[in-house]
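Enquirer: Next comes the structure file upload.csv, holding CSV, C-alpha atoms.
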chain,number,residue,atom,x,y,z
Q,1,MET,CA,26.3,24.1,25.2
Q,2,ILE,CA,23.2,25.7,23.7
Q,3,PRO,CA,24.0,29.3,22.8
Q,4,SER,CA,21.9,32.1,24.2
Q,5,ASP,CA,22.7,34.5,21.3
Q,6,PRO,CA,19.5,34.4,19.1
Q,7,GLU,CA,21.5,34.2,15.9
Q,8,ALA,CA,23.8,31.4,17.1
Q,9,LEU,CA,20.7,29.6,18.5
Q,10,ASP,CA,19.0,29.8,15.1
Q,11,ALA,CA,22.0,28.6,13.3
Q,12,LEU,CA,22.2,25.6,15.6
Q,13,ALA,CA,18.5,24.9,15.1
Q,14,ALA,CA,19.0,25.0,11.3
Q,15,GLU,CA,21.8,22.5,11.4
Q,16,HIS,CA,19.8,20.3,13.8
Q,17,VAL,CA,17.0,20.2,11.3
Q,18,LEU,CA,19.4,19.8,8.3
Q,19,GLY,CA,21.0,16.8,10.1
Q,20,THR,CA,24.6,18.0,10.1
Q,21,LEU,CA,25.1,18.0,13.8
Q,22,ASP,CA,27.3,15.2,15.1
Q,23,ALA,CA,25.9,12.6,17.6
Q,24,ARG,CA,27.0,14.6,20.6
Q,25,GLU,CA,25.6,17.9,19.4
Q,26,ALA,CA,22.4,16.3,18.3
Q,27,ALA,CA,21.9,14.6,21.7
Q,28,GLU,CA,22.5,17.9,23.4
Q,29,VAL,CA,19.9,19.6,21.3
Q,30,ALA,CA,17.4,16.8,21.9
Q,31,ARG,CA,18.0,17.2,25.6
Q,32,ALA,CA,17.5,20.9,25.5
Q,33,LEU,CA,14.4,21.0,23.4
Q,34,PRO,CA,11.8,20.2,26.1
Q,35,VAL,CA,13.2,22.9,28.4
Q,36,ASP,CA,14.2,25.6,25.9
Q,37,ALA,CA,11.3,27.3,24.3
Q,38,ALA,CA,13.4,29.5,22.1
Q,39,LEU,CA,15.3,26.6,20.7
Q,40,ARG,CA,12.0,24.7,20.2
Q,41,ASP,CA,10.5,27.5,18.3
Q,42,ALA,CA,13.6,27.9,16.1
Q,43,VAL,CA,13.6,24.2,15.3
Q,44,ALA,CA,9.9,24.3,14.5
Q,45,ARG,CA,10.4,27.2,12.1
Q,46,TRP,CA,13.3,25.4,10.4
Q,47,GLU,CA,11.3,22.2,10.2
Q,48,ALA,CA,8.5,24.1,8.4
Q,49,ARG,CA,11.0,25.8,6.1
Q,50,LEU,CA,12.7,22.7,4.9
Q,51,ALA,CA,9.9,20.1,5.2
Q,52,PRO,CA,9.1,20.1,1.4
Q,53,LEU,CA,12.6,18.8,0.8
Q,54,ALA,CA,11.7,15.4,2.3
Q,55,ASP,CA,9.7,14.7,-0.9
Q,56,LEU,CA,12.9,14.9,-3.0
Q,57,ALA,CA,13.6,11.4,-1.8
Q,58,PRO,CA,12.0,9.0,-4.4
Q,59,PRO,CA,9.3,6.9,-2.8
Q,60,MET,CA,10.2,3.2,-2.5
Q,61,ALA,CA,8.1,0.2,-1.4
Q,62,PRO,CA,9.2,-1.1,2.0
Q,63,PRO,CA,10.0,-4.8,2.5
Q,64,ASP,CA,6.9,-7.0,2.6
Q,65,GLY,CA,7.2,-8.2,6.2
Q,66,LEU,CA,7.8,-4.8,7.7
Q,67,TRP,CA,4.2,-4.0,8.6
Q,68,LYS,CA,3.9,-7.3,10.5
Q,69,ARG,CA,7.0,-6.5,12.5
Q,70,ILE,CA,5.7,-3.0,13.3
Q,71,ASP,CA,2.3,-4.4,14.3
Q,72,ALA,CA,3.9,-6.9,16.6
Q,73,SER,CA,6.1,-4.3,18.3
Q,74,VAL,CA,3.1,-1.9,18.7
Q,75,ALA,CA,0.8,-4.7,20.0
Q,76,LYS,CA,3.5,-6.0,22.4
Q,77,ARG,CA,4.1,-2.6,23.9
Q,78,SER,CA,2.5,-3.0,27.3
Q,79,PRO,CA,1.7,-0.1,29.6
Q,80,ALA,CA,4.9,1.3,30.8
Q,81,PRO,CA,6.5,-0.7,33.6
Q,82,VAL,CA,5.9,2.1,36.0
Q,83,VAL,CA,5.8,1.6,39.7
Q,84,PRO,CA,4.4,4.8,41.2
Q,85,LEU,CA,6.9,6.5,43.4
Q,86,ARG,CA,5.8,7.4,46.8
Q,87,ALA,CA,6.0,11.1,47.2
Q,88,VAL,CA,7.1,11.9,50.7
Q,89,PRO,CA,4.3,13.9,52.3
Q,90,GLY,CA,4.4,16.2,55.2
Q,91,ARG,CA,8.1,16.9,55.1
Q,92,ALA,CA,9.2,20.4,54.6
Q,93,ALA,CA,10.9,21.0,51.3
Q,94,PRO,CA,14.7,21.3,51.7
Q,95,PRO,CA,15.8,24.8,52.1
Q,96,ARG,CA,15.6,26.5,48.8
Q,97,PRO,CA,19.2,26.4,47.5
Q,98,GLY,CA,18.9,30.0,46.2
Q,99,LYS,CA,22.0,31.8,45.4
Q,100,PHE,CA,24.3,29.0,46.3
Q,101,TRP,CA,22.9,27.0,43.4
Q,102,LYS,CA,22.4,29.8,41.0
Q,103,ALA,CA,26.0,30.8,41.4
Q,104,TRP,CA,27.2,27.3,40.8
Q,105,SER,CA,27.7,26.9,37.1
Q,106,ALA,CA,30.3,24.2,37.2
Q,107,GLY,CA,29.7,20.8,35.6
Q,108,ALA,CA,28.3,17.6,37.2
Q,109,THR,CA,31.5,16.5,38.7
Q,110,ALA,CA,32.1,19.6,40.6
Q,111,VAL,CA,28.6,19.8,41.8
Q,112,ALA,CA,28.6,16.2,42.9
Q,113,ALA,CA,31.9,16.5,44.6
Q,114,GLY,CA,30.7,19.6,46.5
Q,115,LEU,CA,27.6,17.8,47.6
Q,116,ALA,CA,29.5,14.7,48.5
Q,117,ALA,CA,31.6,16.9,50.9
Q,118,ILE,CA,28.4,18.4,52.4
Q,119,LEU,CA,26.8,15.1,52.9
Q,120,PHE,CA,30.0,13.7,54.4
Q,121,LEU,CA,29.8,16.3,57.1
Q,122,ARG,CA,26.3,15.3,58.1
Q,123,PRO,CA,26.4,13.4,61.4
Q,124,ALA,CA,23.7,10.8,60.6
Q,125,ASP,CA,24.6,7.9,58.4
Q,126,PRO,CA,25.5,9.6,55.1
Q,127,PRO,CA,24.2,8.0,51.9
Q,128,ARG,CA,26.9,6.1,50.2
Q,129,MET,CA,26.2,7.3,46.7
Q,130,MET,CA,24.7,10.4,45.2
Q,131,THR,CA,24.5,12.6,42.1
Q,132,VAL,CA,22.9,15.8,40.9
Q,133,LEU,CA,20.8,15.5,37.8
Q,134,LEU,CA,21.7,18.5,35.5
Q,135,THR,CA,19.9,20.1,32.7
Q,136,SER,CA,21.5,20.4,29.3
Q,137,ARG,CA,22.7,23.8,30.5
Q,138,ASP,CA,24.3,22.2,33.5
Q,139,GLN,CA,21.7,23.6,35.9
Q,140,PRO,CA,21.1,21.4,38.9
Q,141,ALA,CA,17.6,20.0,38.8
Q,142,TRP,CA,17.4,17.0,41.2
Q,143,LEU,CA,19.5,15.6,44.0
Q,144,VAL,CA,19.6,11.8,44.0
Q,145,GLU,CA,20.9,9.8,46.9
Q,146,ALA,CA,21.2,6.1,47.3
Q,147,GLU,CA,19.4,5.2,50.4
Q,148,GLY,CA,18.5,1.9,52.0
Q,149,GLY,CA,19.1,0.0,48.8
Q,150,GLY,CA,16.9,2.3,46.8
Q,151,LEU,CA,17.0,6.0,45.7
Q,152,ARG,CA,15.8,9.2,47.2
Q,153,LEU,CA,15.2,12.2,45.0
Q,154,ALA,CA,14.7,15.8,46.0
Q,155,SER,CA,13.9,18.6,43.5
Q,156,LEU,CA,16.3,21.5,43.6
Q,157,ASN,CA,15.0,23.8,40.9
Q,158,PRO,CA,11.4,22.9,40.2
Q,159,ARG,CA,10.4,23.7,36.6
Q,160,PRO,CA,7.1,23.1,35.0
Q,161,VAL,CA,6.7,20.0,32.8
Q,162,GLU,CA,5.3,20.5,29.3
Q,163,PRO,CA,1.5,20.2,29.4
Q,164,GLY,CA,0.3,16.7,28.6
Q,165,ARG,CA,3.6,15.1,29.3
Q,166,VAL,CA,5.1,13.3,32.3
Q,167,GLN,CA,8.6,12.9,33.7
Q,168,GLN,CA,9.9,9.3,33.8
Q,169,LEU,CA,12.9,8.2,35.8
Q,170,TRP,CA,15.4,5.7,34.4
Q,171,ALA,CA,18.6,4.0,35.6
Q,172,LEU,CA,21.3,2.6,33.4
Q,173,PRO,CA,23.8,0.5,35.3
Q,174,PRO,CA,27.4,0.5,33.9
Q,175,GLY,CA,27.7,-1.9,31.0
Q,176,ALA,CA,23.9,-2.2,30.5
Q,177,THR,CA,22.6,-1.4,27.1
Q,178,ALA,CA,19.0,-0.4,27.9
Q,179,PRO,CA,17.8,1.7,30.8
Q,180,THR,CA,15.4,0.4,33.4
Q,181,SER,CA,12.3,2.4,34.1
Q,182,LEU,CA,12.0,3.4,37.8
Q,183,GLY,CA,8.7,5.1,37.4
Q,184,LEU,CA,7.0,8.5,36.9
Q,185,ILE,CA,8.1,11.3,39.1
Q,186,PRO,CA,6.4,14.5,40.2
Q,187,GLU,CA,7.4,17.9,38.9
Q,188,ASP,CA,9.0,18.8,42.2
Q,189,GLY,CA,9.1,17.8,45.8
Q,190,GLN,CA,10.6,14.5,46.9
Q,191,ALA,CA,10.2,10.9,45.6
Q,192,ARG,CA,11.6,7.6,46.6
Q,193,VAL,CA,12.5,4.5,44.6
Q,194,ALA,CA,11.9,1.3,46.6
Q,195,PRO,CA,14.8,-1.1,47.0
Q,196,GLY,CA,14.6,-4.0,44.5
Q,197,LEU,CA,13.7,-2.0,41.5
Q,198,VAL,CA,17.3,-0.9,41.1
Q,199,ARG,CA,20.6,-1.7,42.8
Q,200,PRO,CA,22.4,1.6,43.0
Q,201,GLU,CA,26.1,1.3,42.1
Q,202,PRO,CA,28.8,3.8,41.3
Q,203,GLY,CA,28.8,4.9,37.7
Q,204,MET,CA,25.1,4.2,37.3
Q,205,LEU,CA,23.5,6.7,35.0
Q,206,ILE,CA,20.3,8.3,36.3
Q,207,GLU,CA,18.1,10.2,33.9
Q,208,ILE,CA,14.7,11.7,33.6
Q,209,THR,CA,13.0,11.8,30.2
Q,210,LEU,CA,9.9,13.5,28.9
Q,211,GLU,CA,7.2,11.0,28.1
Q,212,PRO,CA,3.5,10.7,27.1
Q,213,PRO,CA,0.9,10.4,29.8
Q,214,GLY,CA,1.3,7.1,31.7
Q,215,GLY,CA,4.9,6.8,30.8
Q,216,SER,CA,6.9,5.5,27.8
Q,217,PRO,CA,4.7,3.0,25.9
Q,218,THR,CA,7.7,1.1,24.7
Q,219,GLY,CA,9.5,0.4,28.0
Q,220,ARG,CA,12.4,2.5,26.7
Q,221,PRO,CA,12.8,6.2,26.8
Q,222,THR,CA,10.9,7.7,23.8
Q,223,GLY,CA,11.3,11.4,24.7
Q,224,PRO,CA,14.2,13.7,25.2
Q,225,ILE,CA,16.4,13.5,28.3
Q,226,LEU,CA,15.5,16.4,30.6
Q,227,PHE,CA,18.0,15.8,33.4
Q,228,ILE,CA,20.9,13.4,33.7
Q,229,GLY,CA,23.7,12.5,36.2
Q,230,ARG,CA,25.9,9.6,37.3
Q,231,LEU,CA,26.0,8.1,40.7
Q,232,VAL,CA,29.3,8.7,42.5
Q,233,PRO,CA,30.5,7.5,46.0
Q,234,ALA,CA,29.5,10.2,48.4
Q,235,THR,CA,32.3,9.4,50.9
Q,236,GLY,CA,34.8,10.8,48.4
Q,237,THR,CA,38.2,9.7,47.4
H,1,MET,CA,-0.8,12.3,-0.8
H,2,THR,CA,-0.3,14.1,2.5
H,3,LEU,CA,-3.6,15.8,2.3
H,4,ASP,CA,-5.2,13.5,4.9
H,5,ALA,CA,-2.1,12.7,6.9
H,6,ALA,CA,-3.3,14.9,9.8
H,7,GLY,CA,-6.6,13.0,9.9
H,8,MET,CA,-4.8,9.7,10.0
H,9,ILE,CA,-2.5,10.8,12.8
H,10,ARG,CA,-5.6,11.9,14.7
H,11,GLY,CA,-7.2,8.5,14.2
H,12,VAL,CA,-4.1,6.8,15.6
H,13,ALA,CA,-4.1,9.2,18.6
H,14,ASP,CA,-7.8,8.4,19.2
H,15,GLY,CA,-7.1,4.7,19.2
H,16,GLU,CA,-9.3,4.0,16.2
H,17,ALA,CA,-9.1,0.3,15.1
H,18,GLY,CA,-6.9,-0.1,12.0
H,19,ALA,CA,-5.8,3.6,12.1
H,20,LEU,CA,-2.1,2.8,12.2
H,21,ARG,CA,-2.4,0.3,9.4
H,22,ARG,CA,-4.2,2.9,7.2
H,23,LEU,CA,-1.5,5.4,7.9
H,24,TYR,CA,1.2,2.9,7.2
H,25,ASP,CA,-0.4,1.8,3.9
H,26,ALA,CA,-0.8,5.4,2.8
H,27,GLN,CA,2.6,6.7,3.8
H,28,ALA,CA,5.0,3.7,3.9
H,29,SER,CA,6.4,4.2,0.4
H,30,ARG,CA,7.1,7.8,0.9
H,31,LEU,CA,8.6,7.4,4.4
H,32,PHE,CA,10.6,4.3,3.3
H,33,GLY,CA,12.0,6.5,0.5
H,34,VAL,CA,13.0,9.1,3.1
H,35,ALA,CA,14.8,6.5,5.2
H,36,MET,CA,16.4,4.9,2.2
H,37,ALA,CA,17.8,8.2,0.9
H,38,ILE,CA,19.6,8.6,4.2
H,39,LEU,CA,20.7,5.1,4.9
H,40,ARG,CA,21.0,3.6,1.4
H,41,ASP,CA,20.6,0.1,2.9
H,42,ARG,CA,17.2,-1.7,2.8
H,43,ASP,CA,17.7,-3.5,6.2
H,44,ALA,CA,18.8,-0.3,8.0
H,45,ALA,CA,16.0,1.7,6.4
H,46,ALA,CA,13.5,-1.0,7.4
H,47,ASP,CA,14.8,-0.8,11.0
H,48,ALA,CA,14.5,3.0,10.9
H,49,LEU,CA,10.9,2.9,9.5
H,50,HIS,CA,10.0,0.3,12.1
H,51,ASP,CA,11.3,2.4,15.0
H,52,ALA,CA,9.8,5.5,13.5
H,53,VAL,CA,6.3,4.0,13.2
H,54,VAL,CA,6.4,2.7,16.7
H,55,LYS,CA,7.3,6.2,17.8
H,56,ILE,CA,4.5,7.7,15.7
H,57,ALA,CA,2.0,5.3,17.3
H,58,ALA,CA,3.2,6.5,20.7
H,59,ARG,CA,3.4,10.2,20.0
H,60,ALA,CA,0.4,10.6,17.7
H,61,GLY,CA,-1.4,12.5,20.5
H,62,GLN,CA,1.3,15.1,20.5
H,63,TYR,CA,0.9,16.1,16.9
H,64,ASP,CA,-0.4,19.6,16.7
H,65,PRO,CA,-1.9,20.5,13.3
H,66,ALA,CA,-1.3,24.2,14.0
H,67,ARG,CA,2.5,23.6,14.1
H,68,GLY,CA,2.7,22.0,10.7
H,69,GLU,CA,1.4,19.6,8.1
H,70,GLY,CA,0.9,16.0,9.1
H,71,GLY,CA,3.0,14.6,6.3
H,72,ALA,CA,5.9,16.8,7.4
H,73,TRP,CA,5.5,15.6,11.0
H,74,LEU,CA,5.7,12.0,9.9
H,75,ALA,CA,8.7,12.6,7.7
H,76,ALA,CA,10.5,14.5,10.4
H,77,ILE,CA,10.2,11.6,12.8
H,78,VAL,CA,11.5,9.2,10.1
H,79,ARG,CA,14.3,11.5,9.2
H,80,ASN,CA,15.4,12.0,12.8
H,81,THR,CA,15.3,8.2,13.4
H,82,ALA,CA,17.2,7.5,10.3
H,83,LEU,CA,19.8,10.2,11.1
H,84,ASP,CA,20.3,8.8,14.6
H,85,LEU,CA,20.8,5.3,13.1
H,86,ALA,CA,23.3,6.8,10.5
H,87,ARG,CA,25.1,8.5,13.4
H,88,ALA,CA,25.2,5.2,15.4
H,89,ARG,CA,26.7,3.5,12.3
H,90,GLY,CA,29.3,6.2,12.2
H,91,ARG,CA,27.9,7.5,9.0
H,92,GLU,CA,30.1,5.0,7.3
H,93,THR,CA,28.0,5.2,4.1
H,94,PRO,CA,30.5,5.6,1.3
H,95,THR,CA,30.1,8.8,-0.5
H,96,ASP,CA,31.0,7.4,-3.9
H,97,ASP,CA,27.8,5.3,-3.7
H,98,PRO,CA,26.4,5.5,-7.2
H,99,SER,CA,22.8,5.6,-5.9
H,100,LEU,CA,23.6,8.9,-4.2
H,101,GLY,CA,23.1,12.3,-5.4
H,102,ASP,CA,21.8,12.3,-8.9
H,103,THR,CA,18.2,12.3,-7.9
H,104,ALA,CA,18.2,15.0,-5.3
H,105,VAL,CA,21.0,17.3,-6.3
H,106,ALA,CA,20.4,17.7,-10.0
H,107,PRO,CA,18.7,21.1,-10.5
H,108,GLU,CA,15.7,19.5,-12.3
H,109,ALA,CA,15.0,17.4,-9.2
H,110,LEU,CA,13.9,20.7,-7.7
H,111,ASP,CA,11.0,20.8,-10.2
H,112,ARG,CA,9.4,18.1,-8.1
H,113,LEU,CA,9.0,20.6,-5.3
H,114,CYS,CA,6.3,22.7,-7.0
H,115,GLU,CA,3.2,21.0,-5.6
H,116,SER,CA,2.4,23.6,-3.0
H,117,GLN,CA,2.9,27.3,-2.5
H,118,GLU,CA,5.5,26.8,0.3
H,119,ALA,CA,7.4,24.2,-1.8
H,120,GLY,CA,7.4,26.6,-4.7
H,121,ARG,CA,8.9,29.4,-2.6
H,122,LEU,CA,11.5,27.1,-1.2
H,123,ARG,CA,12.4,25.9,-4.7
H,124,ASP,CA,12.8,29.4,-6.0
H,125,CYS,CA,15.0,30.3,-2.9
H,126,LEU,CA,17.1,27.2,-3.4
H,127,ALA,CA,17.5,28.0,-7.1
H,128,ALA,CA,18.9,31.4,-6.1
H,129,LEU,CA,21.7,29.9,-4.0
H,130,GLU,CA,25.1,29.2,-5.4
H,131,ASP,CA,25.3,25.7,-6.8
H,132,ARG,CA,27.6,24.3,-4.2
H,133,ASN,CA,25.6,25.9,-1.3
H,134,ARG,CA,22.5,24.3,-2.6
H,135,GLU,CA,24.2,21.0,-3.2
H,136,GLY,CA,25.5,20.9,0.3
H,137,ILE,CA,22.1,21.6,1.8
H,138,LEU,CA,20.4,19.0,-0.3
H,139,LEU,CA,23.0,16.3,0.4
H,140,ALA,CA,22.7,16.9,4.1
H,141,PHE,CA,18.9,17.1,4.2
H,142,VAL,CA,17.9,14.4,1.7
H,143,HIS,CA,20.9,12.0,2.0
H,144,GLY,CA,21.9,12.6,5.6
H,145,LEU,CA,25.5,13.3,4.8
H,146,SER,CA,27.8,14.8,7.4
H,147,HIS,CA,29.9,17.8,6.9
H,148,ALA,CA,32.9,15.6,6.3
H,149,GLN,CA,31.1,13.4,3.8
H,150,ILE,CA,29.9,16.4,1.9
H,151,ALA,CA,33.4,17.8,1.9
H,152,ALA,CA,34.8,14.6,0.5
H,153,ARG,CA,32.1,14.4,-2.1
H,154,LEU,CA,32.5,18.0,-3.3
H,155,ASP,CA,36.2,17.8,-2.9
H,156,LEU,CA,36.4,20.9,-0.7
H,157,PRO,CA,38.0,21.6,2.7
H,158,LEU,CA,35.8,20.7,5.7
H,159,GLY,CA,35.8,24.3,7.0
H,160,THR,CA,34.7,25.6,3.6
H,161,VAL,CA,31.8,23.2,3.5
H,162,LYS,CA,30.7,24.2,7.0
H,163,ALA,CA,30.9,27.8,6.2
H,164,TRP,CA,29.0,27.4,2.9
H,165,ILE,CA,26.2,25.4,4.5
H,166,ARG,CA,25.9,28.0,7.2
H,167,ARG,CA,25.8,30.8,4.7
H,168,GLY,CA,23.4,28.9,2.5
H,169,LEU,CA,21.0,28.4,5.4
H,170,ALA,CA,21.2,32.0,6.3
H,171,ARG,CA,20.4,33.1,2.8
H,172,LEU,CA,17.6,30.6,2.5
H,173,LYS,CA,16.1,32.0,5.7
H,174,GLY,CA,16.4,35.6,4.4
H,175,CYS,CA,14.8,34.6,1.1
H,176,LEU,CA,11.9,32.7,2.7
H,177,THR,CA,10.9,35.5,5.1
Please render this file's structure as structure tokens.

Expert:
Amino acid sequence: MIPSDPEALDALAAEHVLGTLDAREAAEVARALPVDAALRDAVARWEARLAPLADLAPPMAPPDGLWKRIDASVAKRSPAPVVPLRAVPGRAAPPRPGKFWKAWSAGATAVAAGLAAILFLRPADPPRMMTVLLTSRDQPAWLVEAEGGGLRLASLNPRPVEPGRVQQLWALPPGATAPTSLGLIPEDGQARVAPGLVRPEPGMLIEITLEPPGGSPTGRPTGPILFIGRLVPATGT
Amino acid sequence: MTLDAAGMIRGVADGEAGALRRLYDAQASRLFGVAMAILRDRDAAADALHDAVVKIAARAGQYDPARGEGGAWLAAIVRNTALDLARARGRETPTDDPSLGDTAVAPEALDRLCESQEAGRLRDCLAALEDRNREGILLAFVHGLSHAQIAARLDLPLGTVKAWIRRGLARLKGCLT
């Protein structure tokens, strides 16, 4: 959890820059950076303070073949395999969740379980799987439902994207080692992932990362994770 | 050395032909040194530099000269990539590695920091820290050691090392502002 106390936040930023955070803590900071301006500023200040220390490492010639390898990787990187998502026009946004959501500070499982219950009560053909993508502070950001072999997304708490960056949606099926790009998504509203791009299954990780314009140039996430959640069966236990 | 790093990053962002190669030629030794100090394994350091330069190519447009020096921006990407790799490897690097420590931790190593005004201030503030506070900070930043590795190397309890590093960072901040 990213602390809100300025002193604790600054201490976390310092250890992030120093490199002493463990993998879990470092990932948490990386996820929070794009959405937490105070943390971002604290990290930038510590980077500036400690930057000269990098030159204490004695320079060393890299292996001869390394440039060729880099050049090949950079040349190979094709435009991101982005399939534009169809925003759903003309449909009213879902009722603003308001207090219900704001009061809900539990983790992903509780939120997902609650929504599963709500969806289960809907009379018409409930989606079989869903999740809520949460921020690093466990705030719900997007509702994701498996629908017709694809996915449907609805923004719950729209928040502005950093200027000059885009949000890219990824899926990581259980057991897979690299996520699949599902395309770029709008800041808010609704979006749909066509069937075929992804086969929703329980346990599949869905995440949204911050990427350069046009999407990740490498075909893999290059920016921090903004929102993340795991598909669960919506019909419950 | 880092004088024109910002210009080279701009060239990469603008898609100038050969810009990435020029940046690589000018910075590779320095950046490979940064990765080697953390990973202490040529293959791993080469992997880290490869991944970092691919990231640099992709993110060059995001570099903002107002937020810091170009050379520092490049080094930060390499450091973070190398640290992530070290974490993925469980930071197994043995701490009795003879290649570790002498260069960065010896007080005279700090003399290499005097090239710029900022570096001079940082050097003075580091020199004012207790030896073991300073040593912990340098082992972490330059060599990517975890709290536990620093504790083993300095033969101190883990909690003590964590507290000293925290205190050292707080003092450093106070001294630098």

Enquirer: Fewer than 4 positions away in the same chain doesn't count, so skip those; otherwise give me all residues within 10 Å of Val35 in chain Q, counting only C-alpha atoms, as a ChimeraX atom specification.

Expert: /Q:30-31,39-40,135-137,159-162,210,224-227

Enquirer: Write the residues of the preceding selection, restricted to C-alpha atoms, as an mmCIF file, in the frame of the given file.

Expert:
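File produced: result32.cif:
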data_model
loop_
_atom_site.group_PDB
_atom_site.id
_atom_site.type_symbol
_atom_site.label_atom_id
_atom_site.label_comp_id
_atom_site.auth_asym_id
_atom_site.auth_seq_id
_atom_site.Cartn_x
_atom_site.Cartn_y
_atom_site.Cartn_z
ATOM 1 C CA ALA Q 30 17.400 16.800 21.900
ATOM 2 C CA ARG Q 31 18.000 17.200 25.600
ATOM 3 C CA LEU Q 39 15.300 26.600 20.700
ATOM 4 C CA ARG Q 40 12.000 24.700 20.200
ATOM 5 C CA THR Q 135 19.900 20.100 32.700
ATOM 6 C CA SER Q 136 21.500 20.400 29.300
ATOM 7 C CA ARG Q 137 22.700 23.800 30.500
ATOM 8 C CA ARG Q 159 10.400 23.700 36.600
ATOM 9 C CA PRO Q 160 7.100 23.100 35.000
ATOM 10 C CA VAL Q 161 6.700 20.000 32.800
ATOM 11 C CA GLU Q 162 5.300 20.500 29.300
ATOM 12 C CA LEU Q 210 9.900 13.500 28.900
ATOM 13 C CA PRO Q 224 14.200 13.700 25.200
ATOM 14 C CA ILE Q 225 16.400 13.500 28.300
ATOM 15 C CA LEU Q 226 15.500 16.400 30.600
ATOM 16 C CA PHE Q 227 18.000 15.800 33.400
#

Enquirer: Compute the set of chain Q residues within 7 Å of chain H, using only C-alpha atoms, and express it as JSON, numbers by chain.

Expert: {"Q": [18, 19, 20, 23, 48, 51, 52, 53, 54, 56, 57, 58, 59, 60, 61, 62, 66, 70, 74, 217]}

Enquirer: As an exercise, work out the distance from CA of Gln167 in chain Q to CA of Glu211 in chain Q in Å and give it to one decimal place.

Expert: 6.1 Å

Enquirer: How far is it from CA of Ala26 in chain H to CA of Lys68 in chain Q, in Å with one decimal?

Expert: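 Atom-to-atom, CA of Ala26 in chain H to CA of Lys68 in chain Q, that is 15.6 Å.
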
Enquirer: Considering all atoms listed in the file, return as a list in words whatever protein or nucleic-acid residues lie within 10 Å of Gly7 in chain H, sequence-local ones (same chain, fewer than 5 positions apart) excluded.

Expert: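 The residues satisfying every condition are Thr2, Val12, Ala13, Ala19, Leu23, Pro65 and Gly70 of chain H.
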
Enquirer: Keeping only C-alpha atoms, write the selected residues as a CSV table (one decimal), in the frame of the given file.

Expert:
chain,number,residue,atom,x,y,z
H,2,THR,CA,-0.3,14.1,2.5
H,12,VAL,CA,-4.1,6.8,15.6
H,13,ALA,CA,-4.1,9.2,18.6
H,19,ALA,CA,-5.8,3.6,12.1
H,23,LEU,CA,-1.5,5.4,7.9
H,65,PRO,CA,-1.9,20.5,13.3
H,70,GLY,CA,0.9,16.0,9.1
